[in-house]
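*Asks:* Following this message is one structure expressed as structure tokens.
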Amino acid sequence: MTRLTYEQYCDAIEAVDARFVELMAGSDLETPVPTCPGWTLADLTTHHGTTHRWMEHLVRHRVTERVWSRDVPLDLPQDTAAYPAWLAESAELSLRTLRSADPDAPNWTHGADQHVRFFPRRLLCEAIIHLTDAELALGRTPHITPDIAADGIDEFLENLPYYPWIAEPVSRLNRDGETLRFSSTDTDDGWLITLGDGCTWETGVGDAHATVAVHGSSGDLLLLIYGRLRPGDAERFIVTGDGELLSSWLGATAL
């Protein structure tokens, strides 16, 4: 279940990427990105623009099987000073293709939903997380609206079984039957994850008992799940129960 319409996802991508491009245009692109070890802002910009161009290619050609991003023309400029403009062009290209496409058209994707509508939702999460990476690298405080953050958590959990680099470590946690509950303090949302052969999850869990429970704003919970924040930040999170299970889960699901 999605929380935004197809058009709203596209509009949100446009807004987030406008902030991203503006930030990159005014920054030293050699700045290291601590949340993406070994990367600079130039690397982050290249990665995000590549994602736009890759997904645009997948939708424009209505592919029926995997196409790797390395096989898609990027037109990446040699001069890193031109990277922000290239990112803006990449976002414009992908949004033009997405807005002209039928959301319900069948399309290969790397997630649960094998339709065109998968892509703007995924792109929005990508844009939010990587804007956060840039903001943290530059000492700024990220802000994610609660509805988009909660949808981002849904999206992550829905697609987790389709990401083998996450699903396989989760299946090796050996904590079958144990549970993690994430509860939002700024929305009515809660997510209960049950470990087993992989994991299952459900929403609307209220104060259901769990092996470990985490309370925080929806935006902070999204960034925690994506490894951009740490559970030990007492100003952001209240953690009760088995903290070792939470650490193991976050380690297995790290992106």
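FYI, nothing fancy with the structure tokens labels: chains A, B, ... in order, residues from 1 per chain, ligands from 1 as they appear.
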At a cut-off of 12 Å, using only C-alpha atoms, what residues contact Arg96 in chain A? Leave out same-chain residues fewer than 4 positions from it and give the result as a list of chain:residue names.
*Replies:* A:Glu7, A:Cys10, A:Asp11, A:Ile13, A:Glu14, A:His52, A:Arg53, A:Met55, A:Glu56, A:His57, A:Val59, A:Arg60, A:Glu89, A:Ser90, A:Ala91, A:Glu92, A:Ser100, A:Ala101, A:Pro120
*Asks:* Quick one: write out the picked residues with C-alpha atoms as a PDB file, in the first residue's frame?
*Replies:*
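And here's again31.pdb as it stands now:
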ATOM      1  CA  GLU A   7       1.783  12.168  -9.400  1.00  0.00           C
ATOM      2  CA  CYS A  10       6.887  12.577  -9.002  1.00  0.00           C
ATOM      3  CA  ASP A  11       6.247  16.032  -7.536  1.00  0.00           C
ATOM      4  CA  ILE A  13      11.087  13.834  -6.271  1.00  0.00           C
ATOM      5  CA  GLU A  14      11.218  17.117  -8.153  1.00  0.00           C
ATOM      6  CA  HIS A  52      17.842   8.556 -12.331  1.00  0.00           C
ATOM      7  CA  ARG A  53      19.259   7.659 -15.741  1.00  0.00           C
ATOM      8  CA  MET A  55      15.427   4.006 -13.967  1.00  0.00           C
ATOM      9  CA  GLU A  56      14.503   6.333 -16.827  1.00  0.00           C
ATOM     10  CA  HIS A  57      16.008   3.799 -19.253  1.00  0.00           C
ATOM     11  CA  VAL A  59      10.760   2.727 -17.943  1.00  0.00           C
ATOM     12  CA  ARG A  60      11.308   4.233 -21.384  1.00  0.00           C
ATOM     13  CA  GLU A  89      19.224  17.150 -16.223  1.00  0.00           C
ATOM     14  CA  SER A  90      19.130  13.514 -15.094  1.00  0.00           C
ATOM     15  CA  ALA A  91      16.215  14.188 -12.750  1.00  0.00           C
ATOM     16  CA  GLU A  92      14.390  16.140 -15.459  1.00  0.00           C
ATOM     17  CA  SER A 100       4.293  10.361 -19.499  1.00  0.00           C
ATOM     18  CA  ALA A 101       4.154   6.655 -18.594  1.00  0.00           C
ATOM     19  CA  PRO A 120       8.912   7.023  -8.544  1.00  0.00           C
TER      20      PRO A 120
END
*Asks:* For the interface of range 83-190 of chain A with range 246-253 of chain A (cut-off 12 Å, counting only C-alpha atoms), please tabulate each contacting residue of range 83-190 of chain A alongside its nearest pair of atoms and their separation in Å to one decimal, rows sorted by chain and increasing number, as a Markdown table.
*Replies:*
| residue | atom | partner | partner_atom | distance |
| --- | --- | --- | --- | --- |
| A:Phe156 | CA | A:Thr253 | CA | 9.9 |
| A:Leu157 | CA | A:Thr253 | CA | 10.2 |
| A:Asn159 | CA | A:Thr253 | CA | 11.7 |
| A:Leu160 | CA | A:Thr253 | CA | 8.4 |
| A:Pro161 | CA | A:Thr253 | CA | 10.8 |
| A:Tyr163 | CA | A:Thr253 | CA | 9.7 |
| A:Pro164 | CA | A:Thr253 | CA | 10.3 |
| A:Trp165 | CA | A:Thr253 | CA | 8.2 |
| A:Ile166 | CA | A:Thr253 | CA | 5.1 |
| A:Ala167 | CA | A:Thr253 | CA | 7.7 |
| A:Glu168 | CA | A:Ala252 | CA | 8.4 |
| A:Pro169 | CA | A:Ala252 | CA | 5.1 |
| A:Val170 | CA | A:Ala252 | CA | 5.5 |
| A:Ser171 | CA | A:Ala252 | CA | 9.0 |
| A:Arg172 | CA | A:Ala252 | CA | 8.8 |
| A:Leu173 | CA | A:Ser248 | CA | 7.2 |
| A:Asn174 | CA | A:Ser248 | CA | 10.3 |
| A:Arg175 | CA | A:Ser248 | CA | 9.8 |
| A:Glu178 | CA | A:Leu246 | CA | 10.7 |
| A:Thr179 | CA | A:Leu246 | CA | 9.5 |
| A:Leu180 | CA | A:Leu246 | CA | 7.2 |
| A:Arg181 | CA | A:Leu246 | CA | 9.7 |
| A:Phe182 | CA | A:Leu246 | CA | 10.4 |
*Asks:* Would you mind exporting the chosen residues as an mmCIF file, in the first residue's frame, restricted to N, CA, C and O atoms?
*Replies:*
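Listing of selection_30.cif after writing:
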data_model
loop_
_atom_site.group_PDB
_atom_site.id
_atom_site.type_symbol
_atom_site.label_atom_id
_atom_site.label_comp_id
_atom_site.auth_asym_id
_atom_site.auth_seq_id
_atom_site.Cartn_x
_atom_site.Cartn_y
_atom_site.Cartn_z
ATOM 1 N N PHE A 156 10.733 0.303 2.265
ATOM 2 C CA PHE A 156 11.924 -0.481 2.607
ATOM 3 C C PHE A 156 11.546 -1.899 3.007
ATOM 4 O O PHE A 156 12.132 -2.879 2.532
ATOM 5 N N LEU A 157 10.542 -2.032 3.873
ATOM 6 C CA LEU A 157 10.153 -3.353 4.363
ATOM 7 C C LEU A 157 9.505 -4.195 3.264
ATOM 8 O O LEU A 157 9.701 -5.415 3.208
ATOM 9 N N ASN A 159 10.229 -4.160 0.113
ATOM 10 C CA ASN A 159 11.220 -4.599 -0.870
ATOM 11 C C ASN A 159 12.367 -5.393 -0.270
ATOM 12 O O ASN A 159 13.140 -6.008 -1.020
ATOM 13 N N LEU A 160 12.477 -5.407 1.045
ATOM 14 C CA LEU A 160 13.599 -6.087 1.694
ATOM 15 C C LEU A 160 13.800 -7.528 1.198
ATOM 16 O O LEU A 160 14.931 -7.928 0.909
ATOM 17 N N PRO A 161 12.739 -8.352 1.056
ATOM 18 C CA PRO A 161 12.959 -9.733 0.605
ATOM 19 C C PRO A 161 13.538 -9.837 -0.804
ATOM 20 O O PRO A 161 14.068 -10.889 -1.167
ATOM 21 N N TYR A 163 15.941 -7.824 -1.982
ATOM 22 C CA TYR A 163 17.321 -7.357 -1.979
ATOM 23 C C TYR A 163 18.177 -8.444 -1.331
ATOM 24 O O TYR A 163 18.277 -8.508 -0.102
ATOM 25 N N PRO A 164 18.794 -9.324 -2.102
ATOM 26 C CA PRO A 164 19.518 -10.453 -1.506
ATOM 27 C C PRO A 164 20.644 -10.033 -0.579
ATOM 28 O O PRO A 164 20.959 -10.756 0.378
ATOM 29 N N TRP A 165 21.262 -8.876 -0.837
ATOM 30 C CA TRP A 165 22.350 -8.417 0.021
ATOM 31 C C TRP A 165 21.846 -8.018 1.413
ATOM 32 O O TRP A 165 22.647 -7.841 2.325
ATOM 33 N N ILE A 166 20.519 -7.885 1.571
ATOM 34 C CA ILE A 166 19.915 -7.659 2.886
ATOM 35 C C ILE A 166 19.208 -8.916 3.371
ATOM 36 O O ILE A 166 19.382 -9.345 4.517
ATOM 37 N N ALA A 167 18.400 -9.521 2.514
ATOM 38 C CA ALA A 167 17.588 -10.667 2.917
ATOM 39 C C ALA A 167 18.444 -11.815 3.432
ATOM 40 O O ALA A 167 18.074 -12.494 4.405
ATOM 41 N N GLU A 168 19.583 -12.047 2.797
ATOM 42 C CA GLU A 168 20.417 -13.172 3.220
ATOM 43 C C GLU A 168 21.035 -12.956 4.607
ATOM 44 O O GLU A 168 20.964 -13.849 5.464
ATOM 45 N N PRO A 169 21.632 -11.785 4.901
ATOM 46 C CA PRO A 169 22.111 -11.567 6.272
ATOM 47 C C PRO A 169 20.999 -11.618 7.316
ATOM 48 O O PRO A 169 21.213 -12.124 8.424
ATOM 49 N N VAL A 170 19.805 -11.115 6.978
ATOM 50 C CA VAL A 170 18.686 -11.176 7.918
ATOM 51 C C VAL A 170 18.329 -12.629 8.226
ATOM 52 O O VAL A 170 18.061 -12.997 9.378
ATOM 53 N N SER A 171 18.352 -13.479 7.201
ATOM 54 C CA SER A 171 17.996 -14.884 7.413
ATOM 55 C C SER A 171 19.017 -15.613 8.279
ATOM 56 O O SER A 171 18.709 -16.673 8.835
ATOM 57 N N ARG A 172 20.209 -15.040 8.425
ATOM 58 C CA ARG A 172 21.254 -15.684 9.230
ATOM 59 C C ARG A 172 21.345 -15.134 10.647
ATOM 60 O O ARG A 172 22.282 -15.476 11.390
ATOM 61 N N LEU A 173 20.402 -14.309 11.058
ATOM 62 C CA LEU A 173 20.456 -13.744 12.400
ATOM 63 C C LEU A 173 20.205 -14.781 13.494
ATOM 64 O O LEU A 173 20.592 -14.584 14.648
ATOM 65 N N ASN A 174 19.507 -15.873 13.147
ATOM 66 C CA ASN A 174 19.214 -16.942 14.116
ATOM 67 C C ASN A 174 18.471 -16.410 15.338
ATOM 68 O O ASN A 174 18.788 -16.780 16.482
ATOM 69 N N ARG A 175 17.492 -15.574 15.093
ATOM 70 C CA ARG A 175 16.660 -15.042 16.180
ATOM 71 C C ARG A 175 15.189 -15.307 15.849
ATOM 72 O O ARG A 175 14.328 -14.462 16.064
ATOM 73 N N GLU A 178 11.660 -13.815 17.284
ATOM 74 C CA GLU A 178 11.858 -12.571 18.011
ATOM 75 C C GLU A 178 11.387 -11.391 17.145
ATOM 76 O O GLU A 178 11.304 -11.484 15.922
ATOM 77 N N THR A 179 11.086 -10.289 17.808
ATOM 78 C CA THR A 179 10.413 -9.190 17.119
ATOM 79 C C THR A 179 11.064 -7.848 17.408
ATOM 80 O O THR A 179 11.650 -7.629 18.481
ATOM 81 N N LEU A 180 10.928 -6.955 16.430
ATOM 82 C CA LEU A 180 11.348 -5.569 16.577
ATOM 83 C C LEU A 180 10.144 -4.685 16.286
ATOM 84 O O LEU A 180 9.441 -4.905 15.302
ATOM 85 N N ARG A 181 9.906 -3.700 17.139
ATOM 86 C CA ARG A 181 8.806 -2.762 16.902
ATOM 87 C C ARG A 181 9.359 -1.355 16.801
ATOM 88 O O ARG A 181 10.094 -0.897 17.687
ATOM 89 N N PHE A 182 9.023 -0.683 15.713
ATOM 90 C CA PHE A 182 9.377 0.719 15.508
ATOM 91 C C PHE A 182 8.095 1.534 15.603
ATOM 92 O O PHE A 182 7.141 1.285 14.864
#
*Asks:* Using DSSP on the backbone coordinates, identify all residues within range 96-226 of chain A classified as strand (DSSP E or B); present the result as a short mmCIF file (atom, residue, chain, number, x, y, z; two decimals) with C-alpha atoms, in the first residue's frame.
*Replies:*
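Output file selection-v1.cif is given in full below:
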data_model
loop_
_atom_site.label_atom_id
_atom_site.label_comp_id
_atom_site.auth_asym_id
_atom_site.auth_seq_id
_atom_site.Cartn_x
_atom_site.Cartn_y
_atom_site.Cartn_z
CA PRO A 106 4.16 -4.02 -16.53
CA HIS A 115 5.00 -2.14 -12.66
CA THR A 179 10.41 -9.19 17.12
CA LEU A 180 11.35 -5.57 16.58
CA ARG A 181 8.81 -2.76 16.90
CA PHE A 182 9.38 0.72 15.51
CA SER A 183 6.85 3.29 16.74
CA SER A 184 6.51 6.78 15.31
CA GLY A 190 4.01 1.41 14.04
CA TRP A 191 5.84 -1.49 12.40
CA LEU A 192 6.30 -4.93 13.95
CA ILE A 193 8.96 -7.11 12.33
CA THR A 194 9.04 -10.82 13.15
CA LEU A 195 12.19 -12.76 12.38
CA GLY A 196 12.17 -16.28 11.02
CA GLY A 198 13.79 -14.05 6.58
CA CYS A 199 11.19 -11.83 8.22
CA THR A 200 7.60 -10.68 8.07
CA TRP A 201 6.14 -7.35 9.09
CA GLU A 202 2.84 -5.70 9.89
CA THR A 203 1.60 -2.20 10.62
CA VAL A 212 13.06 -4.73 21.27
CA ALA A 213 11.09 -1.52 20.74
CA VAL A 214 12.26 1.79 19.29
CA HIS A 215 10.33 5.07 19.59
CA GLY A 216 11.25 8.11 17.51
#
